[in-house]
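A.B. asks: The structure is given below, and queries will be raised subsequently.
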Amino acid sequence: MIRSLTIDDGSPSYEEDEPVDITPREAKTAACTVSLNPVRILKAEADEEKAEIARLSSFIGAIAIGDLVKSTLGPKGMDKILVGMGRNEGVVEMTNDGATILKSIGVDNPAAKVLVDIAKGMDDEVGDGTTSVTVLASELLREAEKLIEMKFHPQTIISGWRKAVKAAKEALEKSTKNNSENQEAFKNDLLNIARTTLSSKILSQHKDFFSNLCVDAVLRLKGSGDLTAIQIIKISGGTLLDSFLDSGFLLNKKPGVNQPKRIENAKILIANTPMDYDKIKIFGSRVQVDSTAKVAELELAEKEKMKEKVDKILSHNINVFINRQVLISSPIFVALSTGYFDLIHIVLCCGFLLNKKPGVNQPKRIENAKILIANTPMDYDKIKIFGSRVQVDSTAKVAELELAEKEKMKEKVDKILSHNINVFINRQLIYNYPEQLFADAGVMAIEHADFDGIERLALVTGGEIVSTFDHPELVKLGTCELIEEKMIGEEKLLQFSGVPLGEACTLVLRGATQQILEEAERSVHDALCVLTSTVKNPKTVYGG
């Protein structure tokens with residue numbers, strides 16, 4: 001006896017009551033009807049391509065990308081002019097660098113996006129060969145399309161490519177030469193490699209000149225391969241042949257008014273701190289006070305509340321604190337003064353890598369870590385004051401507020417001067433009053449140093465970037481033998497000579513237009529990347 005099968009709106013259901021006799025054929029027909037109903041897995045707006053259509057779409061996209069950059073390949077390659085759209089509308093860029101071209105175009109085809117990612121990876125790992133790898137991949141796919149039409153299975157084609165890669169690597173290994181033991185021959189190899197790299201660039205007409213500059217810069221690194229020690233500065237005017245390599249570090253900034261233009265045996269404090277009267281801060285709130293004393297009470301309350309919060313965190317008996325939100329400088333130094341734990345954004349332990357850095361002046365190594373992981377604000381716990389309105393009933397009280405601001409800024413400058421420095425470099429602006437205080441103390445103060453420049457400056461001078469100044473004994477100052485102004489073209493730059501990182505140098509590029517300078521920078525960067533790779537792995541394959 002088979003239970004009755006009821007089909008209602010395409011959905012099967014079985015009924016326990018009133019059994020009815022049906023034939024097996026009828027039951028099979030009903031089950032097939034149910035199984036043929038379509039089941040949608042993808043979203044309504046999703047499209048799906050299969051088999052030949054998907055393969056054809058991939059071939060077309062990849063081959064189109066190869067054809068796009070093919071005309072820029074080699075010594076006879078042509079430059080492309082890229083005109084920006086959207087946010088960069090009207091920006092003109094002239095280049096034959098494959099990675100730059102591919103990063104600038106919008107791509108929808110999945111296979112084309114894979115080729116763009118290949119070019120980016122080549123640019124990150126090697127620095128050159130982005131166009132070559134894109135054209136090679138697209139041509140392999142062009143030939144694969146012909147084999148597919150001849151009914152070769154895709155896995156068979158891929159298997160052949162893997163065997164070809166293995167044979168090619170073996171042939172290249174047999175052809176390599178290693179002259180690293182002979183310094184003169186190795187330098188000659190580096191010069192030839194640099195010339196080959198620059199042969200297809202805008203600098204091809206001056207490749208001997210720039211090859212020598214790049215090789216000299218890389219050899220200064222003494223095998224470290226750390227390109228952050230090589231700074232590239234672009235200054236409009238002159239010709240490409242006016243470019244030069246300067247030993248030391250150049251910063252495109254000027255000292256403040258009435259401050260020294262030349263400092264010997266410099267002790268440098270590098271900071272990232274506001275120097276604009278340290279405005280009574282409260283984000284979007286309105287606080288009414290009738291005296292400067294109450295303003296000071298608010299700020300003291302902020303600090304006390306944050307210290308209380310840090311004490312609660314310390315009570316967990318930890319030595320590492322990992323927070324999902326930003327750690328403002330004051331909590332970092334509160335933690336340092338306790339000596340209990342390392343208040344940091346990251347930790348590296350137990351085989352897990354996290355791409356973050358510890359806080360300033362905090363241990364770089366922790367054994368037997370006790371880790372507290374949190375998601376909590378650490379910026380004075382939001383009793384803020386930014387753009388707040390202070391209500392006063394007389395001009396005398398306005399004057400009191402201004403005097404309080406000045407006194408607070410003078411106190412901050414005094415803390416900075418207590419570090420026994422003669423140079424202060426800040427990533428943020430330095431306003432007139434603190435600038436005058438530094439000038440009175442005979443300290444060179446440099447404002448608004450860009451982030452990349454100040455990071456590199458900290459590296460080459462051996463200092464660390466700080467944001468608070470309550471603990472001078474914990475701050476690592478930078479040093480150099482001489483700081484002086486240097487005129488290049490029509491611009492004045494500060495030259496740092498005799499820095500602790502002896503391999504530091506600056507490559508100054510000159511050129512008629514900004515587009516030429518930018519393409520020259522890309523060309524020099526490619527050459528430097530290839531040369532550092534050669535220094536790390538000195539095996540060379542001679543070619544045309």
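Each chain in the structure tokens gets a letter, A, B and so on, in the order shown; residues start at 1 in every chain, and ligands are counted from 1 in the order they appear.
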Show which residues sit within 8 Å of region 45-62 of chain A, as a count of residues only. Count only C-alpha atoms, and ignore same-chain residues fewer than 2 positions away.
C.D. replies: 14
A.B. asks: Running DSSP on the backbone, which parts of region 69-162 of chain A land in helix (DSSP H, G or I), as a VMD selection string?
C.D. replies: chain A and resid 69 to 70 86 to 88 98 to 104 110 to 125 130 to 149 154 to 162
A.B. asks: Find the distance between CA of Ala504 (chain A) and CA of Ser247 (chain A) and write it in Å to one decimal.
C.D. replies: 6.8 Å
A.B. asks: Env of region 506-522 of chain A: 6 Å cut, atoms = only C-alpha atoms, seq-sep filter 4 positions within chain, self excluded. Answer as a list in words.
C.D. replies: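 The contact residues come out as Thr95, Ile230, Gln231, Ile232, Ile233, Lys234, Ile235, Ser236, Gly237, Gly238, Thr239, Leu240, Asp242, Ser243, Phe244, Leu245, Asp246 and Phe249 of chain A.
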A.B. asks: The selected residues should be written to file as a CSV table (one decimal), in the first residue's frame (atoms: N, CA, C and O atoms).
C.D. replies:
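The result, stored in out_11.csv:
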```csv
chain,number,residue,atom,x,y,z
A,95,THR,N,52.9,58.2,-20.0
A,95,THR,CA,53.7,57.1,-19.5
A,95,THR,C,53.7,56.0,-20.5
A,95,THR,O,52.8,55.8,-21.3
A,230,ILE,N,66.7,55.7,0.1
A,230,ILE,CA,66.9,56.5,-1.1
A,230,ILE,C,65.7,57.3,-1.4
A,230,ILE,O,64.6,56.8,-1.7
A,231,GLN,N,65.8,58.7,-1.3
A,231,GLN,CA,64.7,59.6,-1.5
A,231,GLN,C,64.8,60.2,-2.9
A,231,GLN,O,65.9,60.4,-3.4
A,232,ILE,N,63.7,60.3,-3.5
A,232,ILE,CA,63.6,60.9,-4.9
A,232,ILE,C,62.9,62.2,-4.8
A,232,ILE,O,61.7,62.2,-4.3
A,233,ILE,N,63.5,63.3,-5.2
A,233,ILE,CA,62.8,64.6,-5.2
A,233,ILE,C,62.8,65.1,-6.6
A,233,ILE,O,63.7,65.1,-7.4
A,234,LYS,N,61.6,65.7,-7.0
A,234,LYS,CA,61.4,66.2,-8.3
A,234,LYS,C,61.3,67.8,-8.2
A,234,LYS,O,60.5,68.3,-7.4
A,235,ILE,N,62.2,68.4,-9.0
A,235,ILE,CA,62.2,69.9,-9.0
A,235,ILE,C,62.1,70.4,-10.4
A,235,ILE,O,63.0,70.0,-11.3
A,236,SER,N,61.1,71.1,-10.7
A,236,SER,CA,60.9,71.6,-12.1
A,236,SER,C,62.0,72.6,-12.5
A,236,SER,O,62.5,73.4,-11.7
A,237,GLY,N,62.3,72.6,-13.8
A,237,GLY,CA,63.3,73.5,-14.3
A,237,GLY,C,64.6,72.7,-14.7
A,237,GLY,O,64.8,71.6,-14.2
A,238,GLY,N,65.3,73.3,-15.6
A,238,GLY,CA,66.5,72.6,-16.1
A,238,GLY,C,66.2,71.5,-17.0
A,238,GLY,O,65.1,71.3,-17.5
A,239,THR,N,67.2,70.6,-17.2
A,239,THR,CA,67.1,69.5,-18.1
A,239,THR,C,67.3,68.2,-17.3
A,239,THR,O,67.7,68.3,-16.1
A,240,LEU,N,67.0,67.1,-17.9
A,240,LEU,CA,67.2,65.8,-17.2
A,240,LEU,C,68.6,65.6,-16.8
A,240,LEU,O,68.9,65.0,-15.8
A,242,ASP,N,70.6,67.7,-15.6
A,242,ASP,CA,70.9,68.5,-14.4
A,242,ASP,C,70.6,67.7,-13.2
A,242,ASP,O,70.8,68.2,-12.1
A,243,SER,N,70.0,66.5,-13.3
A,243,SER,CA,69.7,65.7,-12.1
A,243,SER,C,71.0,65.2,-11.5
A,243,SER,O,72.1,65.1,-12.1
A,244,PHE,N,71.0,65.0,-10.1
A,244,PHE,CA,72.2,64.6,-9.4
A,244,PHE,C,71.9,63.7,-8.2
A,244,PHE,O,70.7,63.7,-7.7
A,245,LEU,N,72.9,63.1,-7.7
A,245,LEU,CA,72.7,62.3,-6.5
A,245,LEU,C,73.4,63.0,-5.3
A,245,LEU,O,74.6,63.3,-5.4
A,246,ASP,N,72.7,63.3,-4.2
A,246,ASP,CA,73.2,64.0,-3.1
A,246,ASP,C,73.3,63.1,-1.9
A,246,ASP,O,72.4,62.3,-1.6
A,249,PHE,N,70.3,63.7,3.3
A,249,PHE,CA,68.8,63.7,3.1
A,249,PHE,C,68.4,65.2,2.8
A,249,PHE,O,68.9,66.1,3.5
```
A.B. asks: Could you jot down the CA of Lys113 (chain A) to CA of Val83 (chain A) separation for me, Å, one decimal place?
C.D. replies: 20.7 Å
A.B. asks: For Ser224 (chain A), find every residue with an atom within 9 Å (counting only C-alpha atoms), except residues of its own chain fewer than 3 positions away, and show them as number ranges by chain.
C.D. replies: A: 221, 227, 532, 535-536
A.B. asks: As JSON, numbers by chain, please: the residues near Val466 (chain A) (cut-off 8 Å, only C-alpha atoms, same-chain neighbours under 3 positions excluded).
C.D. replies: {"A": [270, 271, 272, 273, 360, 469, 475]}
A.B. asks: Would you list the contacts of region 451-462 of chain A as a PyMOL selection string, taking every protein, DNA or RNA residue within 8 Å and counting only C-alpha atoms, but skipping same-chain residues closer than 4 positions in sequence?
C.D. replies: chain A and resi 228-229+249+251+270+427+476-480+499-502+504
A.B. asks: Of the candidates A:Tyr431, A:Ala171, A:Lys254, A:Thr100, which one gets nearest to Ile446 (chain A) if we count only C-alpha atoms?
C.D. replies: A:Lys254
A.B. asks: I'd like the contact shell of Asp440 (chain A) - 10 Å cut-off, only C-alpha atoms, skipping same-chain residues fewer than 6 positions apart - returned as a list of chain:residue names.
C.D. replies: A:Asn258, A:Gln259, A:Pro434
A.B. asks: Using N, CA, C and O atoms, can you export the residues from the last selection as a PDB file, in the first residue's frame?
C.D. replies:
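Output contents, as saved in selection-v7.pdb:
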```
ATOM      1  N   ASN A 258      63.238  84.167  11.547  1.00  0.00           N
ATOM      2  CA  ASN A 258      64.258  84.529  12.538  1.00  0.00           C
ATOM      3  C   ASN A 258      64.866  83.314  13.244  1.00  0.00           C
ATOM      4  O   ASN A 258      65.377  83.436  14.361  1.00  0.00           O
ATOM      5  N   GLN A 259      64.780  82.152  12.607  1.00  0.00           N
ATOM      6  CA  GLN A 259      65.379  80.955  13.181  1.00  0.00           C
ATOM      7  C   GLN A 259      66.676  80.634  12.436  1.00  0.00           C
ATOM      8  O   GLN A 259      66.856  81.023  11.289  1.00  0.00           O
ATOM      9  N   PRO A 434      54.182  79.999  18.802  1.00  0.00           N
ATOM     10  CA  PRO A 434      55.211  79.000  19.121  1.00  0.00           C
ATOM     11  C   PRO A 434      56.438  79.102  18.222  1.00  0.00           C
ATOM     12  O   PRO A 434      57.558  78.828  18.672  1.00  0.00           O
TER      13      PRO A 434
END
```
A.B. asks: Based on the backbone DSSP call, show me all residues of region 54-190 of chain A assigned strand (DSSP E), as a count of residues only.
C.D. replies: 11
